[in-house]
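> One structure, pasted below without further comment.
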Amino acid sequence: MTAENIFDRYGVKYGKERMSQHTTFGVGGNALMAELGAENAAQVLIALENENIAFTLIGKGSNMLVADGELDRVFVHMGREISDIQVTGSSIICGAGAPLSAVCVKARDMSLTGLEFAYGIPASVGGAVYMNAGAYGGEIKDVLASVTAVCGGEIRKFSADELDLGYRHSRLMDERIFCLSAEFALAPGNSDEITARMDELMGKRRDKQPLEYRSAGSTFKRPRGAYAAALIEQCGLKGYTAGGAQVSRKHSGFVINTGDATFDDVMAVIDHVRRTVKQQTGYDLEVEPEIVS
């Protein structure tokens with residue numbers, strides 16, 4: 001059975017899409033993409049798994065670098081149809097497609113504290129759980145209570161402790177576990193204080209990060225005992241350019257799309273940075289975004 005057969009069976013909208021239109025970096029070739037809904041997501045994911053069809057889950061496409069050309073891979077989008085946000089006491093349960101920033105705003109509006117660090121992270125809930133997203137001293141693991149997911153052909157609920165959450169890592173990366181929804185355990189707080197903290201962190205993002213350009217966020221993970229941006233700048237690589245891709249002059253931890261970057265441009269910059277930093281400092285930088293080719 002093909003992916004198209006499965007999508008037809010469950011009434012899923014699908015078609016050929018240019019993935020550059022669905023990633024924050026703005027690169028990526030043509031691929032079959034399906035739009036899942038809350039009523040069919042689990043069944044579709046289980047069917048794709050059972051048929052051994054290669055597919056990639058995509059939310060906001062904010063931590064992903066997708067190759068150019070014709071891609072022999074199916075992308076399954078978890079978006080607005082799987083984005084409900086519900087509040088029960090001091091817990092928030094939300095669909096995998098919900099924008100993380102929208103969940104932060106909901107928490108603020110309900111005077112719940114704990115998610116302030118995540119405001120401005122351009123991820124969906126599913127993507128944030130997948131990579132244990134974090135910023136400004138906070139991580140998803142700090143507030144995650146549980147995840148409902150497809151695993152082994154069935155729907156299962158995992159506690160946060162079962163997900164091996166670490167720095168930019170979760171068990172979802174290592175196994176075929178696909179997040180459907182997540183529950184965050186927050187605490188009662190003061191709405192004005194929560195708002196002030198969110199505004200403060202957003203101000204820092206605007207001041208220090210190249211938000212005026214398309215990117216996949218931080219390009220390199222923080223190496224033990226050092227900072228990627230400092231190492232890159234130390235090696236004189238700030239502003240290094242290949243085609244339309246460039247090491248940001250504002251924050252050297254970001255590789256940006258200056259307007260017409262290709263996947264090969266981005267990878268040329270990444271490879272040059274990794275090679276140079278390794279030669280000059282001994283640090284082996286690890287790429288943070290998922291590379292899909």
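By order of appearance in the structure tokens: chains A, B, ..., then residues from 1 within every chain, and ligands from 1 in the order shown.
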Phe178 (chain A): which residues within 7 Å, counting only C-alpha atoms, same-chain residues fewer than 6 positions away excluded, as a ChimeraX atom specification?

/A:149-151,172

> May I have the residues within 6 Å of region 189-200 of chain A as number ranges by chain, using only C-alpha atoms and disregarding those fewer than 5 positions away in the same chain?

A: 108, 111-113, 116

> For the selection just defined, write its residues with N, CA and C atoms to a file, as a PDB file, in the first residue's frame.


ATOM      1  N   ARG A 108       0.184  32.283  30.311  1.00  0.00           N
ATOM      2  CA  ARG A 108       0.197  33.642  30.876  1.00  0.00           C
ATOM      3  C   ARG A 108      -1.217  34.121  31.170  1.00  0.00           C
ATOM      4  N   SER A 111      -2.531  32.783  34.224  1.00  0.00           N
ATOM      5  CA  SER A 111      -1.653  33.049  35.378  1.00  0.00           C
ATOM      6  C   SER A 111      -0.918  31.794  35.835  1.00  0.00           C
ATOM      7  N   LEU A 112      -0.384  31.048  34.856  1.00  0.00           N
ATOM      8  CA  LEU A 112       0.397  29.857  35.149  1.00  0.00           C
ATOM      9  C   LEU A 112       1.844  30.099  34.739  1.00  0.00           C
ATOM     10  N   THR A 113       2.755  29.816  35.636  1.00  0.00           N
ATOM     11  CA  THR A 113       4.161  30.101  35.386  1.00  0.00           C
ATOM     12  C   THR A 113       4.971  28.831  35.158  1.00  0.00           C
ATOM     13  N   GLU A 116       7.751  30.549  30.641  1.00  0.00           N
ATOM     14  CA  GLU A 116       8.217  31.839  30.146  1.00  0.00           C
ATOM     15  C   GLU A 116       9.438  31.692  29.240  1.00  0.00           C
TER      16      GLU A 116
END

> Could you please write out, as a PyMOL selection string, every residue of region 78-200 of chain A that DSSP assigns to alpha helix (DSSP H)?

chain A and resi 100-109+125-130+171-174+191-200

> Keeping only C-alpha atoms, write the selected residues to a file as an mmCIF file, in the first residue's frame.


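Printed below is out-v3.cif as written:
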data_model
loop_
_atom_site.group_PDB
_atom_site.id
_atom_site.type_symbol
_atom_site.label_atom_id
_atom_site.label_comp_id
_atom_site.auth_asym_id
_atom_site.auth_seq_id
_atom_site.Cartn_x
_atom_site.Cartn_y
_atom_site.Cartn_z
ATOM 1 C CA LEU A 100 4.747 26.636 21.502
ATOM 2 C CA SER A 101 4.427 30.413 21.811
ATOM 3 C CA ALA A 102 0.624 30.091 21.766
ATOM 4 C CA VAL A 103 0.852 27.678 24.683
ATOM 5 C CA CYS A 104 3.044 30.207 26.518
ATOM 6 C CA VAL A 105 0.448 32.925 25.935
ATOM 7 C CA LYS A 106 -2.332 30.652 27.172
ATOM 8 C CA ALA A 107 -0.329 29.920 30.313
ATOM 9 C CA ARG A 108 0.197 33.642 30.876
ATOM 10 C CA ASP A 109 -3.497 34.379 30.382
ATOM 11 C CA VAL A 125 4.713 21.452 20.795
ATOM 12 C CA GLY A 126 5.620 18.173 19.098
ATOM 13 C CA GLY A 127 8.914 19.532 17.816
ATOM 14 C CA ALA A 128 9.735 21.107 21.162
ATOM 15 C CA VAL A 129 9.191 17.790 22.952
ATOM 16 C CA TYR A 130 11.128 15.890 20.271
ATOM 17 C CA ARG A 171 13.864 9.223 23.370
ATOM 18 C CA LEU A 172 11.658 10.269 20.448
ATOM 19 C CA MET A 173 14.833 10.946 18.452
ATOM 20 C CA ASP A 174 16.134 7.409 18.951
ATOM 21 C CA SER A 191 0.134 37.347 35.309
ATOM 22 C CA ASP A 192 1.934 40.699 35.345
ATOM 23 C CA GLU A 193 5.201 39.076 36.438
ATOM 24 C CA ILE A 194 4.840 36.360 33.828
ATOM 25 C CA THR A 195 4.202 38.974 31.137
ATOM 26 C CA ALA A 196 7.222 41.003 32.231
ATOM 27 C CA ARG A 197 9.494 37.966 32.053
ATOM 28 C CA MET A 198 8.194 36.976 28.625
ATOM 29 C CA ASP A 199 8.702 40.513 27.330
ATOM 30 C CA GLU A 200 12.210 40.588 28.797
#

> Which value, in Å to one decimal, gives the distance between CA of Val87 (chain A) and CA of Gly120 (chain A)?

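If I compute the distance from CA of Val87 (chain A) to CA of Gly120 (chain A), I get 20.6 Å.
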
> Mind checking which residues fall within 6 Å of Ala185 (chain A), counting only C-alpha atoms, ignoring those fewer than 5 positions away in the same chain, and posting them as JSON, numbers by chain?

{"A": [91, 143, 145]}

> Find, counting only C-alpha atoms, the residue in A:Cys235, A:Ile6, A:Ala228, A:Ala242 that gets nearest to Asp284 (chain A).

A:Ala228
